[in-house]
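Chemist: Handing you this structure, nothing more for now.
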Amino acid sequence: MIRPMVGMGAMDFPRDPFLLPLCPCGGATRLSHVEPDPVDENRSLRTYVCQACDSSQTHIVIKRNVARDTLPRRAVG
């Protein structure tokens with residue numbers, strides 16, 4: 001399910017992007033779900049739900065580009 005975007009744009013959080021966004025009512029939010037962007041494969045949609053008023057916010061987030069070479073290797077043995 002795709003909901004209307006709330007906010008100003010990709011990665012344009014009102015606070016630190018590593019913290020959960022606050023609801024306009026001032027309540028804390030929780031991450032409800034993550035889904036791929038239907039238009040841009042380099043972005044994902046993160047939907048947060050307010051724990052106080054049950055409203056939702058969806059933010060566009062640019063996906064990290066993690067190369068296979070940077071992943072930790074398993075020890076074989």
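How things are named: the first chain in the structure tokens is A, the next is B, and so on; residues count from 1 in each chain; ligands count from 1 in the order shown.
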What's the 12 Å shell around region 52-55 of chain A, counting only C-alpha atoms, without same-chain residues fewer than 2 positions away, as a short mmCIF file (atom, residue, chain, number, x, y, z; two decimals) with N, CA and C atoms, in the first residue's frame?
Modeler:
data_model
loop_
_atom_site.label_atom_id
_atom_site.label_comp_id
_atom_site.auth_asym_id
_atom_site.auth_seq_id
_atom_site.Cartn_x
_atom_site.Cartn_y
_atom_site.Cartn_z
N ARG A 3 1.11 5.26 0.48
CA ARG A 3 0.40 6.38 1.08
C ARG A 3 1.02 7.68 0.60
N VAL A 6 4.64 12.45 3.24
CA VAL A 6 4.61 13.52 4.21
C VAL A 6 6.04 13.98 4.38
N LEU A 22 9.26 12.36 14.53
CA LEU A 22 8.18 12.67 15.47
C LEU A 22 6.90 12.93 14.69
N CYS A 23 5.79 12.57 15.27
CA CYS A 23 4.48 12.85 14.69
C CYS A 23 4.16 14.34 14.90
N PRO A 24 3.36 14.95 14.02
CA PRO A 24 2.94 16.34 14.25
C PRO A 24 2.23 16.55 15.59
N CYS A 25 1.62 15.47 16.13
CA CYS A 25 0.96 15.60 17.44
C CYS A 25 1.98 15.59 18.58
N GLY A 26 3.25 15.29 18.25
CA GLY A 26 4.30 15.24 19.26
C GLY A 26 4.58 13.84 19.78
N GLY A 27 3.81 12.87 19.32
CA GLY A 27 3.98 11.50 19.77
C GLY A 27 5.15 10.79 19.10
N ALA A 28 5.62 9.74 19.74
CA ALA A 28 6.70 8.94 19.19
C ALA A 28 6.15 8.03 18.08
N THR A 29 6.98 7.74 17.10
CA THR A 29 6.57 6.87 16.02
C THR A 29 7.36 5.57 16.05
N ARG A 30 6.86 4.57 15.33
CA ARG A 30 7.58 3.31 15.16
C ARG A 30 7.56 2.98 13.66
N SER A 32 6.69 1.02 10.70
CA SER A 32 5.64 0.06 10.41
C SER A 32 6.09 -0.91 9.32
N THR A 47 7.39 3.65 6.14
CA THR A 47 6.17 4.15 6.76
C THR A 47 6.28 4.03 8.27
N TYR A 48 6.03 5.13 8.95
CA TYR A 48 6.08 5.21 10.40
C TYR A 48 4.67 5.46 10.92
N VAL A 49 4.32 4.84 12.04
CA VAL A 49 3.00 5.01 12.65
C VAL A 49 3.17 5.62 14.02
N CYS A 50 2.35 6.63 14.32
CA CYS A 50 2.39 7.29 15.63
C CYS A 50 1.78 6.38 16.68
N GLN A 57 3.11 8.33 8.57
CA GLN A 57 3.94 9.19 7.73
C GLN A 57 4.78 8.27 6.86
N THR A 58 4.93 8.61 5.59
CA THR A 58 5.78 7.83 4.70
C THR A 58 6.90 8.73 4.20
#
Chemist: Would you pick out the contacts of region 35-37 of chain A at 10 Å or less, using only C-alpha atoms, so that residues sharing its chain but fewer than 4 positions from it are not included, and give the list as an NGL selection string?
Modeler: :A and (1-2 or 41-47 or 60-63)
